[in-house]
Structure formats: structure tokens, C-alpha cells
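Chemist: For reference, the file work-v8.txt (compact mmCIF, C-alpha atoms) is included below:
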# COMPACT_ATOMS: atom_id res chain seq x y z
CA LEU A 1 32.79 27.60 -18.61
CA LEU A 2 30.14 29.46 -16.61
CA GLU A 3 27.40 28.11 -18.89
CA SER A 4 28.73 24.56 -18.48
CA GLU A 5 28.87 24.93 -14.70
CA ALA A 6 25.31 26.27 -14.60
CA ARG A 7 24.11 23.34 -16.72
CA TYR A 8 25.86 20.86 -14.41
CA ARG A 9 24.39 22.51 -11.31
CA GLY A 10 20.91 22.36 -12.86
CA ILE A 11 21.26 18.63 -13.48
CA VAL A 12 22.48 18.02 -9.93
CA GLU A 13 19.64 20.05 -8.43
CA ASP A 14 17.06 17.90 -10.21
CA GLN A 15 18.42 14.57 -8.92
CA THR A 16 16.52 12.61 -6.27
CA GLU A 17 19.79 11.52 -4.65
CA LEU A 18 21.29 13.58 -1.83
CA ILE A 19 24.25 15.40 -3.40
CA CYS A 20 26.62 17.70 -1.58
CA ARG A 21 30.21 18.87 -1.30
CA TRP A 22 32.14 19.47 1.88
CA THR A 23 35.62 20.38 3.01
CA LEU A 24 37.82 18.01 4.98
CA ASP A 25 36.75 19.73 8.19
CA ARG A 26 33.15 18.70 7.26
CA ARG A 27 31.94 22.20 6.31
CA LEU A 28 29.27 22.04 3.62
CA THR A 29 29.95 24.10 0.51
CA PHE A 30 27.07 22.86 -1.63
CA ALA A 31 23.89 20.82 -1.18
CA ASN A 32 21.19 20.08 -3.76
CA ARG A 33 17.45 20.39 -3.25
CA ALA A 34 17.02 16.73 -2.29
CA TYR A 35 19.63 17.14 0.46
CA HIS A 36 17.83 20.24 1.74
CA ARG A 37 14.45 18.48 1.77
CA PHE A 38 15.88 15.46 3.57
CA PHE A 39 17.56 17.41 6.37
CA VAL A 40 15.37 20.53 6.59
CA GLY A 41 12.01 19.60 5.06
CA THR A 42 12.05 22.22 2.30
CA SER A 43 14.43 23.04 -0.52
CA ALA A 44 14.62 26.71 0.53
CA ASP A 45 16.05 26.55 4.04
CA SER A 46 19.67 25.80 4.80
CA PRO A 47 20.66 22.43 6.28
CA GLU A 48 23.20 22.00 9.04
CA ARG A 49 26.47 23.45 7.76
CA HIS A 50 28.40 20.46 9.09
CA PHE A 51 28.25 17.33 6.96
CA CYS A 52 26.70 14.32 8.74
CA ALA A 53 25.84 16.41 11.79
CA SER A 54 22.73 14.28 12.35
CA VAL A 55 24.43 10.88 12.62
CA PRO A 56 23.02 9.12 15.72
CA ASP A 57 25.50 8.90 18.58
CA ASP A 58 25.78 5.11 18.47
CA HIS A 59 27.06 5.27 14.87
CA ARG A 60 29.10 8.47 15.04
CA GLU A 61 32.48 6.94 15.91
CA ARG A 62 32.29 4.46 13.03
CA VAL A 63 31.25 7.16 10.55
CA ASP A 64 33.91 9.61 11.75
CA GLU A 65 36.65 6.99 11.37
CA ALA A 66 35.48 6.10 7.87
CA LEU A 67 35.31 9.72 6.69
CA ALA A 68 38.73 10.46 8.19
CA SER A 69 40.22 7.73 5.99
CA LEU A 70 39.52 9.75 2.81
CA GLY A 71 42.77 11.03 1.28
CA GLN A 72 45.18 10.67 -1.61
CA GLU A 73 45.65 6.96 -0.90
CA GLN A 74 41.92 6.33 -0.49
CA PRO A 75 40.00 8.88 -2.57
CA LEU A 76 36.78 6.81 -2.77
CA LEU A 77 34.60 5.55 0.07
CA SER A 78 31.23 3.79 0.22
CA ILE A 79 29.39 3.53 3.53
CA GLU A 80 25.88 2.98 4.86
CA HIS A 81 24.65 4.49 8.10
CA PRO A 82 21.54 6.03 9.68
CA LEU A 83 20.75 9.75 9.79
CA VAL A 84 18.03 11.73 11.53
CA ALA A 85 15.86 13.34 8.85
CA ALA A 86 13.92 16.60 9.01
CA ASP A 87 10.77 14.92 10.30
CA GLY A 88 12.68 13.38 13.22
CA THR A 89 12.65 9.84 11.83
CA THR A 90 15.82 7.80 11.50
CA ARG A 91 16.58 6.93 7.88
CA TRP A 92 19.35 4.81 6.38
CA VAL A 93 21.47 6.33 3.60
CA SER A 94 24.03 4.69 1.35
CA TRP A 95 26.81 7.18 0.57
CA THR A 96 29.52 7.29 -2.07
CA HIS A 97 32.21 9.83 -1.18
CA ARG A 98 34.86 10.94 -3.66
CA LEU A 99 37.82 13.18 -2.82
CA ILE A 100 38.26 15.99 -5.35
CA VAL A 101 41.73 17.54 -5.48
CA ALA A 102 41.46 21.00 -7.04
CA ASP A 103 44.06 22.72 -9.19
CA GLY A 104 45.73 25.98 -8.29
CA GLY A 105 46.42 25.13 -4.68
CA ARG A 106 42.78 25.21 -3.64
CA ALA A 107 41.82 23.02 -0.70
CA PRO A 108 40.47 19.56 -1.60
CA GLN A 109 36.79 18.83 -1.13
CA VAL A 110 34.65 15.70 -1.00
CA GLN A 111 31.68 15.16 -3.28
CA SER A 112 29.06 12.88 -1.77
CA VAL A 113 26.06 11.16 -3.33
CA GLY A 114 23.58 9.53 -0.96
CA THR A 115 20.62 7.23 -1.62
CA ASP A 116 17.87 6.61 0.91
CA ILE A 117 17.88 2.84 1.51
CA SER A 118 15.51 2.84 4.48
CA MET A 119 13.01 0.51 2.82
CA ARG A 120 15.73 -2.01 2.01
CA LYS A 121 17.09 -1.89 5.56
CA ARG A 122 13.59 -2.28 6.95
CA ALA A 123 13.03 -5.34 4.75
CA GLU A 124 16.33 -6.82 5.94
CA GLU A 125 15.36 -6.14 9.56
CA ARG A 126 11.99 -7.80 9.04
CA LEU A 127 13.50 -10.88 7.43
CA ALA A 128 16.08 -11.25 10.20
CA ARG A 129 13.40 -10.82 12.89
CA ILE A 130 11.11 -13.41 11.29
CA ASN A 131 13.99 -15.86 10.93
CA ARG A 132 14.92 -15.42 14.60
CA CYS A 133 11.32 -15.88 15.63
CA LEU A 134 10.97 -19.12 13.65
CA LEU A 135 14.35 -20.47 14.77
CA ASN A 136 13.42 -19.84 18.40
CA CYS A 137 10.22 -21.86 18.18
CA THR A 138 9.89 -24.55 20.84
CA ALA A 139 7.47 -27.37 21.57
CA ASP A 140 5.21 -24.81 23.26
CA ALA A 141 2.75 -23.86 20.50
CA ALA A 142 1.08 -21.10 22.56
CA ARG A 143 4.43 -19.43 23.29
CA ASN A 144 5.40 -19.64 19.63
CA THR A 145 2.12 -18.10 18.52
CA LEU A 146 2.42 -15.21 20.98
CA ALA A 147 5.96 -14.53 19.73
CA MET A 148 4.75 -14.44 16.12
CA VAL A 149 1.87 -12.08 16.94
CA ALA A 150 4.31 -9.80 18.78
CA SER A 151 6.75 -9.88 15.85
CA CYS A 152 3.94 -8.97 13.46
CA GLY A 153 2.85 -6.00 15.57
CA GLU A 154 6.36 -4.73 16.25
CA LEU A 155 7.65 -5.06 12.69
CA LEU A 156 4.58 -3.27 11.33
CA ARG A 157 4.93 -0.62 14.05
CA ALA A 158 1.32 -1.18 15.00
CA ASP A 159 -0.49 -0.17 18.18
CA TRP A 160 -1.77 -3.67 18.92
CA ALA A 161 -2.32 -7.06 17.31
CA LEU A 162 -4.05 -10.35 18.00
CA TYR A 163 -4.57 -13.84 16.73
CA TYR A 164 -8.20 -14.95 17.11
CA ARG A 165 -8.16 -18.76 17.09
CA LEU A 166 -11.46 -20.54 16.64
CA GLN A 167 -12.29 -23.41 18.98
CA PRO A 168 -15.05 -25.95 18.23
CA ASN A 169 -18.08 -25.48 20.50
CA GLN A 170 -16.30 -23.13 22.90
CA PRO A 171 -14.99 -19.56 23.09
CA ALA A 172 -12.09 -18.66 20.86
CA ASP A 173 -8.51 -18.46 22.13
CA ILE A 174 -7.04 -14.96 21.95
CA TYR A 175 -3.29 -14.46 21.51
CA PRO A 176 -2.80 -10.73 22.17
CA TRP A 177 -0.03 -8.19 21.77
CA ARG A 178 -0.66 -4.86 23.55
CA LEU A 179 -4.40 -5.45 23.38
CA PRO A 180 -6.37 -2.45 24.78
CA GLU A 181 -8.49 -3.15 27.85
CA ALA A 182 -11.52 -1.82 25.98
CA TYR A 183 -11.17 -4.36 23.16
CA GLN A 184 -14.07 -6.84 23.20
CA THR A 185 -13.09 -10.35 22.17
CA GLN A 186 -16.52 -11.93 22.08
CA LEU A 187 -17.55 -14.23 19.25
CA PRO A 188 -17.25 -12.26 15.99
CA GLU A 189 -20.60 -10.78 15.15
CA GLU A 190 -21.90 -10.20 11.67
CA GLY A 191 -20.43 -6.92 10.46
CA SER A 192 -17.33 -7.14 12.65
CA ILE A 193 -13.79 -6.82 11.32
CA THR A 194 -12.90 -10.23 12.75
CA ARG A 195 -15.77 -11.88 10.88
CA ALA A 196 -14.67 -10.16 7.67
CA VAL A 197 -11.11 -11.50 8.07
CA LEU A 198 -12.35 -15.02 8.82
CA SER A 199 -14.35 -14.89 5.57
CA LEU A 200 -11.42 -13.92 3.34
CA ASP A 201 -10.28 -16.07 0.46
CA PRO A 202 -6.93 -17.80 1.12
CA ALA A 203 -4.68 -15.32 -0.71
CA ASP A 204 -6.55 -12.15 0.32
CA VAL A 205 -5.52 -9.59 2.92
CA LEU A 206 -8.02 -7.14 4.40
CA VAL A 207 -6.70 -3.57 4.58
CA LEU A 208 -9.07 -1.09 6.15
CA ARG A 209 -8.27 2.63 6.42
CA GLY A 210 -10.42 5.39 7.87
CA ALA A 211 -12.27 2.84 9.99
CA GLN A 212 -13.99 5.36 12.25
CA SER A 213 -15.72 7.01 9.32
CA GLY A 214 -16.40 3.77 7.43
CA PRO A 215 -19.18 1.16 7.58
CA TYR A 216 -17.52 -0.91 10.33
CA ALA A 217 -17.93 1.98 12.77
CA ALA A 218 -21.64 1.12 12.90
CA THR A 219 -21.26 -2.68 13.00
CA ASP A 220 -18.11 -3.33 15.05
CA ARG A 221 -18.15 -1.83 18.56
CA ASN A 222 -14.35 -1.99 18.79
CA VAL A 223 -13.85 0.55 15.98
CA LEU A 224 -15.05 3.51 18.04
CA GLY A 225 -14.40 1.97 21.44
CA CYS A 226 -10.68 1.43 20.69
CA ARG A 227 -10.25 4.29 18.20
CA ILE A 228 -9.25 2.03 15.32
CA GLY A 229 -7.91 4.07 12.41
CA THR A 230 -6.37 1.36 10.26
CA CYS A 231 -6.29 -2.41 10.44
CA MET A 232 -4.92 -5.26 8.36
CA GLY A 233 -5.82 -8.90 8.69
CA GLN A 234 -5.48 -12.30 7.10
CA CYS A 235 -7.39 -15.51 7.64
CA VAL A 236 -5.19 -18.26 9.10
CA ARG A 237 -5.74 -21.59 7.39
CA LEU A 238 -4.36 -25.12 7.34
CA ASP A 239 -5.17 -27.71 4.70
CA GLY A 240 -8.03 -25.56 3.46
CA GLY A 241 -9.69 -25.22 6.85
CA VAL A 242 -10.13 -21.91 8.70
CA LEU A 243 -8.23 -21.77 11.99
CA GLY A 244 -8.56 -18.13 12.91
CA ALA A 245 -7.69 -14.52 12.09
CA LEU A 246 -4.43 -12.59 12.49
CA ILE A 247 -5.21 -8.86 12.73
CA VAL A 248 -3.03 -5.80 13.31
CA PHE A 249 -4.37 -2.39 14.38
CA TRP A 250 -3.28 1.26 14.32
CA HIS A 251 -4.94 4.30 15.82
CA SER A 252 -3.59 6.43 12.96
CA ASP A 253 -4.28 6.34 9.25
CA GLU A 254 -1.55 4.15 7.72
CA ALA A 255 -0.62 3.86 4.05
CA LEU A 256 0.32 0.18 3.99
CA ARG A 257 2.51 -1.31 1.26
CA ALA A 258 2.58 -4.63 -0.54
CA ALA A 259 5.56 -5.59 1.63
CA ASP A 260 3.39 -5.12 4.74
CA GLU A 261 0.78 -7.46 3.31
CA GLY A 262 3.54 -9.93 2.51
CA LEU A 263 4.76 -9.85 6.10
CA ILE A 264 1.38 -10.62 7.63
CA SER A 265 0.91 -13.42 5.08
CA VAL A 266 4.20 -15.05 6.08
CA LEU A 267 3.39 -14.92 9.78
CA ALA A 268 -0.21 -16.07 9.25
CA ALA A 269 1.15 -19.11 7.40
CA ALA A 270 3.63 -19.81 10.20
CA ILE A 271 0.90 -19.53 12.86
CA GLY A 272 -1.23 -21.92 10.86
CA VAL A 273 1.22 -24.79 11.27
CA GLU A 274 1.62 -24.33 15.04
Would you mind writing the file out in C-alpha cells?

Modeler:
Amino acid sequence: LLESEARYRGIVEDQTELICRWTLDRRLTFANRAYHRFFVGTSADSPERHFCASVPDDHRERVDEALASLGQEQPLLSIEHPLVAADGTTRWVSWTHRLIVADGGRAPQVQSVGTDISMRKRAEERLARINRCLLNCTADAARNTLAMVASCGELLRADWALYYRLQPNQPADIYPWRLPEAYQTQLPEEGSITRAVLSLDPADVLVLRGAQSGPYAATDRNVLGCRIGTCMGQCVRLDGGVLGALIVFWHSDEALRAADEGLISVLAAAIGVE
């Protein structure tokens, strides 16, 4: 029996899911390494001894009511809610809770298995935000474009963003979101990030990391002047013609994902038809 229990515990410890057990008064009796890393940052330190202690206040009442419903008549519960992780970020976790009634008069416990679904929730949030933005479009093309640039910057959690719209024989129109005062919006010079984005092939997205130590630091005055760490941009086109450049900027070094490139592509396409 001891050997079997040790084997089971070893399997549980190696899982990437958050696995724990707790008493009906929410006192933790077991937590695997993944749970420790999620809530503490290492697998060695002890997490909070109270299950779901880090539920944000605006979700606590709902979570408390759901957990209180566990019992003989409802031994299984599935719920999704946010939690504050060890690094201070808010993450979404999908939990399956199962009441375990022990033999020999021992107090029942709940075994919980949690999966981090933050990326899925973020994708859902993005889709809902884009849909709202498009549904709220009016006959005012400038207003619509500004709203799309703002949505792009906010959903990508950027520091600033802009749409650089070319105008025949006159200065370009700039549609900014949180644009720094130091940012220079003159005609894109050779070697500038804006010129590079305007030159992209239709399906391409420019992703530039480590800008201040890269070649654009010497050819684009905004890189050092605005402390650009990372940027991402796509050329905005309509019927094969180049209309402008949608570009998003971060001061920090950002590891962007394919989903981030997909988001800027969707909004660049929407701006193109305005």
C-alpha cells in the first residue's frame, strides 16, 4: 500500500496541472510542484495554507458560494475563475473539484485539479473587444480608425501605437494611441521602422526585438529617443495598394506570439477598409 501511494504521489508531482487536496474549511493538506510554482514561484516553498486564498475580491463571493455547494448531493464541481499568481499577475484557472469521502470516520476532503486557461481567456477577450470595436463603427472613418488603433495597443498591452496613413503629395495622417511627445512623425526615412513596415509583403508582419541594440538604433531616431525595446507592424493595404502602416511599440523586450501577429493583421485589414 505504501509503495502504491508513493507511486501515485510521484505521478501527481510530475503533472503540469495544479493538483491539491483541501479540507472543507479550505485548509490545504497536499499540493503538487506545479501548484507550488504557480502560487509561490518555486516548488520548494509552501503556498498559502488556505485553498483559493488569492481569488480577487470581485470574484470571491461567487467562488465561495460554488465551493460551499460541494457535498454528498453534489460531489463534483467545475468552475473557472481568476487567481493571483506568484509573479503578481492575474491568471485564469479552470478547476475540477471532487469530494472524497474517506473510510473509518475520517473527515472528507476535496481533490482539485486546475488548468491554466489564461491564454484561452485572453483570446476570448480579444475577440469580444474586436467585435465590439467593429460593431461600434460609425460613418466617421477617423473616429473608427482611432478606436481600432487603441484596441490594438490595449489588447497587446503595448506602451503606444499608431497608424501612419500615407497622403498623396502631402504629410501623412497620424492616428495615435498614447504616442510619446518625443516621437517624430516626419516622412519615413530610409532605414526607419515605418519605412520597413510600409515595404512589407501583404501577409508579412514585422516583429523587432532588442531594437536599441539592433541596426535600427542607428537609422531610426525614434528607437533611442523613445526607448523602443520591441515593436510589431503590418502594412495596411486595400486592393493591392499601400495605404499606410499600423505599428505597436513596447519599451520592454516582448516575446510575441503568433496570436499577437494575428490580432494586428485583423485590425490592419479592418483599418484598410475605413

Chemist: For CA of Gln72 (chain A) and CA of Val101 (chain A), quote the distance in Å rounded to one decimal.

Modeler: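 These atoms are spaced 8.6 Å apart.
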
Chemist: Rounded to one decimal, what separation in Å do you get between CA of Val236 (chain A) and CA of Ser192 (chain A)?

Modeler: 16.8 Å

Chemist: Between A:Gln212, A:Val197, A:Gly225, A:Asp239, single out the one closest to Ser252 (chain A), counting all atoms listed in the file.

Modeler: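 Looking at the shortest contact to Ser252 (chain A), the residue is A:Gln212.
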
Chemist: Residues of region 99-218 of chain A that have any atom at most 12 Å from an atom of region 255-262 of chain A: could you tabulate them with the shortest-distance atom pair and the distance in Å to one decimal, using all atoms listed in the file, ordered by chain and increasing number, as JSON lines?

Modeler:
{"residue": "A:Met119", "atom": "CA", "partner": "A:Ala259", "partner_atom": "CA", "distance": 9.7}
{"residue": "A:Arg120", "atom": "CA", "partner": "A:Ala259", "partner_atom": "CA", "distance": 10.8}
{"residue": "A:Arg122", "atom": "CA", "partner": "A:Ala259", "partner_atom": "CA", "distance": 10.2}
{"residue": "A:Ala123", "atom": "CA", "partner": "A:Ala259", "partner_atom": "CA", "distance": 8.1}
{"residue": "A:Glu124", "atom": "CA", "partner": "A:Ala259", "partner_atom": "CA", "distance": 11.7}
{"residue": "A:Arg126", "atom": "CA", "partner": "A:Asp260", "partner_atom": "CA", "distance": 10.0}
{"residue": "A:Leu127", "atom": "CA", "partner": "A:Gly262", "partner_atom": "CA", "distance": 11.1}
{"residue": "A:Cys152", "atom": "CA", "partner": "A:Asp260", "partner_atom": "CA", "distance": 9.5}
{"residue": "A:Gly153", "atom": "CA", "partner": "A:Asp260", "partner_atom": "CA", "distance": 10.9}
{"residue": "A:Glu154", "atom": "CA", "partner": "A:Asp260", "partner_atom": "CA", "distance": 11.9}
{"residue": "A:Leu155", "atom": "CA", "partner": "A:Asp260", "partner_atom": "CA", "distance": 9.0}
{"residue": "A:Leu156", "atom": "CA", "partner": "A:Asp260", "partner_atom": "CA", "distance": 6.9}
{"residue": "A:Arg157", "atom": "CA", "partner": "A:Asp260", "partner_atom": "CA", "distance": 10.5}
{"residue": "A:Ala158", "atom": "CA", "partner": "A:Leu256", "partner_atom": "CA", "distance": 11.1}
{"residue": "A:Ala203", "atom": "CA", "partner": "A:Gly262", "partner_atom": "CA", "distance": 10.3}
{"residue": "A:Asp204", "atom": "CA", "partner": "A:Glu261", "partner_atom": "CA", "distance": 9.2}
{"residue": "A:Val205", "atom": "CA", "partner": "A:Glu261", "partner_atom": "CA", "distance": 6.7}
{"residue": "A:Leu206", "atom": "CA", "partner": "A:Glu261", "partner_atom": "CA", "distance": 8.9}
{"residue": "A:Val207", "atom": "CA", "partner": "A:Leu256", "partner_atom": "CA", "distance": 8.0}
{"residue": "A:Leu208", "atom": "CA", "partner": "A:Leu256", "partner_atom": "CA", "distance": 9.7}
{"residue": "A:Arg209", "atom": "CA", "partner": "A:Ala255", "partner_atom": "CA", "distance": 8.1}
{"residue": "A:Gly210", "atom": "CA", "partner": "A:Ala255", "partner_atom": "CA", "distance": 10.6}

Chemist: Select, from A:Thr185, A:Thr219, A:Thr96, A:Ser265, the residue with the minimum atom-to-atom distance to Pro202 (chain A), counting only C-alpha atoms.

Modeler: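 Checking each of A:Thr185, A:Thr219, A:Thr96, A:Ser265 against Pro202 (chain A), counting only C-alpha atoms, the winner is A:Ser265.
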
Chemist: Report, in Å with one decimal, the straight-line distance from CA of Val248 (chain A) to CA of Glu125 (chain A).

Modeler: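 Result for CA of Val248 (chain A) versus CA of Glu125 (chain A): 18.8 Å, one decimal.
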
Chemist: Between region 64-86 of chain A and region 20-33 of chain A, at 12 Å or less, what are the per-residue closest atom pairs and their distances in Å? Count only C-alpha atoms, order by chain and rising residue number, and return it as JSON lines.

Modeler:
{"residue": "A:Asp64", "atom": "CA", "partner": "A:Arg26", "partner_atom": "CA", "distance": 10.2}
{"residue": "A:Leu67", "atom": "CA", "partner": "A:Leu24", "partner_atom": "CA", "distance": 8.8}
{"residue": "A:Ala68", "atom": "CA", "partner": "A:Leu24", "partner_atom": "CA", "distance": 8.3}
{"residue": "A:Ser69", "atom": "CA", "partner": "A:Leu24", "partner_atom": "CA", "distance": 10.6}
{"residue": "A:Leu70", "atom": "CA", "partner": "A:Leu24", "partner_atom": "CA", "distance": 8.7}
{"residue": "A:Gly71", "atom": "CA", "partner": "A:Leu24", "partner_atom": "CA", "distance": 9.3}

Chemist: Using all atoms listed in the file, can you tell me which of A:His59, A:Arg165, A:Arg178, A:Arg227 comes closest to Ala245 (chain A)?

Modeler: A:Arg165

Chemist: Region 89-93 of chain A: which residues within 10 Å, counting only C-alpha atoms, same-chain residues fewer than 5 positions away excluded, as a VMD selection string?

Modeler: chain A and resid 17 to 18 38 54 to 56 79 to 84 113 to 122

Chemist: Select, from A:Leu166, A:Gly214, A:Gln15, A:Trp177, the residue with the minimum atom-to-atom distance to Cys235 (chain A), counting only C-alpha atoms.

Modeler: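 For Cys235 (chain A), the nearest of the given residues is A:Leu166.
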
Chemist: Tell me which of A:Ala269, A:Met148, A:Ala86, A:Leu263 sits closest to Ala34 (chain A), counting only C-alpha atoms.

Modeler: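 Ranked by minimum distance to Ala34 (chain A), first place goes to A:Ala86.
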
Chemist: Need the neighbours of (-3.8, -3.2, 12.2): which residues are at most 8 Å away, counting all atoms listed in the file, as a ChimeraX atom specification?

Modeler: /A:153,158-161,230-233,247-250

Chemist: From the list A:Ala128, A:Ala196, A:Ala142, A:Leu99, which residue is nearest Tyr175 (chain A) when using only C-alpha atoms?

Modeler: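 Counting only C-alpha atoms, the residue closest to Tyr175 (chain A) is A:Ala142.
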
Chemist: Write out as a list in words which residues come within 10 Å of region 133-139 of chain A when counting only C-alpha atoms, dropping same-chain ones fewer than 6 positions away.

Modeler: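 The neighbour list is Leu127, Thr145, Ala147, Met148, Ala150, Ser151, Leu267, Ala270 and Glu274 of chain A.
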
Chemist: List the neighbours of His97 (chain A) out to 8 Å using only C-alpha atoms; skip same-chain residues closer than 2 positions along the sequence, and give me the result as JSON, numbers by chain.

Modeler: {"A": [75, 76, 77, 78, 95, 99, 110, 111, 112, 113]}

Chemist: Would it be fine to have region 169-228 of chain A, with C-alpha atoms, given as a PDB file, in the first residue's frame?

Modeler:
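The result, stored in selection-v4.pdb:
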ATOM      1  CA  ASN A 169       1.640  64.914 -52.132  1.00  0.00           C
ATOM      2  CA  GLN A 170       1.171  65.968 -48.511  1.00  0.00           C
ATOM      3  CA  PRO A 171       2.208  64.936 -44.994  1.00  0.00           C
ATOM      4  CA  ALA A 172       0.873  61.667 -43.687  1.00  0.00           C
ATOM      5  CA  ASP A 173      -2.068  61.480 -41.277  1.00  0.00           C
ATOM      6  CA  ILE A 174      -1.136  60.055 -37.871  1.00  0.00           C
ATOM      7  CA  TYR A 175      -3.715  58.187 -35.787  1.00  0.00           C
ATOM      8  CA  PRO A 176      -2.031  57.847 -32.377  1.00  0.00           C
ATOM      9  CA  TRP A 177      -2.646  55.960 -29.166  1.00  0.00           C
ATOM     10  CA  ARG A 178      -0.511  57.122 -26.202  1.00  0.00           C
ATOM     11  CA  LEU A 179       2.110  58.457 -28.579  1.00  0.00           C
ATOM     12  CA  PRO A 180       5.163  59.836 -26.690  1.00  0.00           C
ATOM     13  CA  GLU A 181       5.862  63.543 -27.140  1.00  0.00           C
ATOM     14  CA  ALA A 182       9.375  62.677 -28.299  1.00  0.00           C
ATOM     15  CA  TYR A 183       8.123  60.508 -31.173  1.00  0.00           C
ATOM     16  CA  GLN A 184       8.941  62.107 -34.533  1.00  0.00           C
ATOM     17  CA  THR A 185       6.298  61.531 -37.186  1.00  0.00           C
ATOM     18  CA  GLN A 186       8.084  63.025 -40.160  1.00  0.00           C
ATOM     19  CA  LEU A 187       8.073  61.300 -43.532  1.00  0.00           C
ATOM     20  CA  PRO A 188       9.593  57.821 -43.070  1.00  0.00           C
ATOM     21  CA  GLU A 189      13.253  57.981 -43.881  1.00  0.00           C
ATOM     22  CA  GLU A 190      15.260  55.179 -45.389  1.00  0.00           C
ATOM     23  CA  GLY A 191      16.255  52.868 -42.546  1.00  0.00           C
ATOM     24  CA  SER A 192      13.281  53.775 -40.354  1.00  0.00           C
ATOM     25  CA  ILE A 193      10.927  51.207 -38.846  1.00  0.00           C
ATOM     26  CA  THR A 194       7.955  52.880 -40.531  1.00  0.00           C
ATOM     27  CA  ARG A 195       9.595  52.566 -43.953  1.00  0.00           C
ATOM     28  CA  ALA A 196      10.326  48.894 -43.262  1.00  0.00           C
ATOM     29  CA  VAL A 197       6.664  48.232 -42.393  1.00  0.00           C
ATOM     30  CA  LEU A 198       5.433  50.089 -45.488  1.00  0.00           C
ATOM     31  CA  SER A 199       7.681  47.837 -47.594  1.00  0.00           C
ATOM     32  CA  LEU A 200       6.359  44.544 -46.220  1.00  0.00           C
ATOM     33  CA  ASP A 201       4.729  41.943 -48.415  1.00  0.00           C
ATOM     34  CA  PRO A 202       0.945  41.677 -47.857  1.00  0.00           C
ATOM     35  CA  ALA A 203       0.979  38.689 -45.486  1.00  0.00           C
ATOM     36  CA  ASP A 204       4.114  39.657 -43.549  1.00  0.00           C
ATOM     37  CA  VAL A 205       4.331  41.125 -40.058  1.00  0.00           C
ATOM     38  CA  LEU A 206       7.470  42.884 -38.828  1.00  0.00           C
ATOM     39  CA  VAL A 207       8.490  41.832 -35.311  1.00  0.00           C
ATOM     40  CA  LEU A 208      11.533  43.619 -33.956  1.00  0.00           C
ATOM     41  CA  ARG A 209      13.040  42.815 -30.550  1.00  0.00           C
ATOM     42  CA  GLY A 210      16.087  44.354 -28.905  1.00  0.00           C
ATOM     43  CA  ALA A 211      15.650  47.474 -31.025  1.00  0.00           C
ATOM     44  CA  GLN A 212      18.071  49.641 -29.058  1.00  0.00           C
ATOM     45  CA  SER A 213      20.951  47.276 -29.726  1.00  0.00           C
ATOM     46  CA  GLY A 214      19.924  46.472 -33.313  1.00  0.00           C
ATOM     47  CA  PRO A 215      20.550  48.148 -36.677  1.00  0.00           C
ATOM     48  CA  TYR A 216      17.518  50.462 -36.439  1.00  0.00           C
ATOM     49  CA  ALA A 217      19.097  52.240 -33.464  1.00  0.00           C
ATOM     50  CA  ALA A 218      21.481  53.893 -35.934  1.00  0.00           C
ATOM     51  CA  THR A 219      18.935  54.615 -38.677  1.00  0.00           C
ATOM     52  CA  ASP A 220      15.687  55.463 -36.854  1.00  0.00           C
ATOM     53  CA  ARG A 221      15.959  58.359 -34.389  1.00  0.00           C
ATOM     54  CA  ASN A 222      12.828  57.208 -32.537  1.00  0.00           C
ATOM     55  CA  VAL A 223      14.443  53.963 -31.353  1.00  0.00           C
ATOM     56  CA  LEU A 224      16.755  55.664 -28.864  1.00  0.00           C
ATOM     57  CA  GLY A 225      14.703  58.830 -28.470  1.00  0.00           C
ATOM     58  CA  CYS A 226      11.597  56.906 -27.328  1.00  0.00           C
ATOM     59  CA  ARG A 227      13.403  53.904 -25.811  1.00  0.00           C
ATOM     60  CA  ILE A 228      11.818  51.376 -28.161  1.00  0.00           C
TER      61      ILE A 228
END
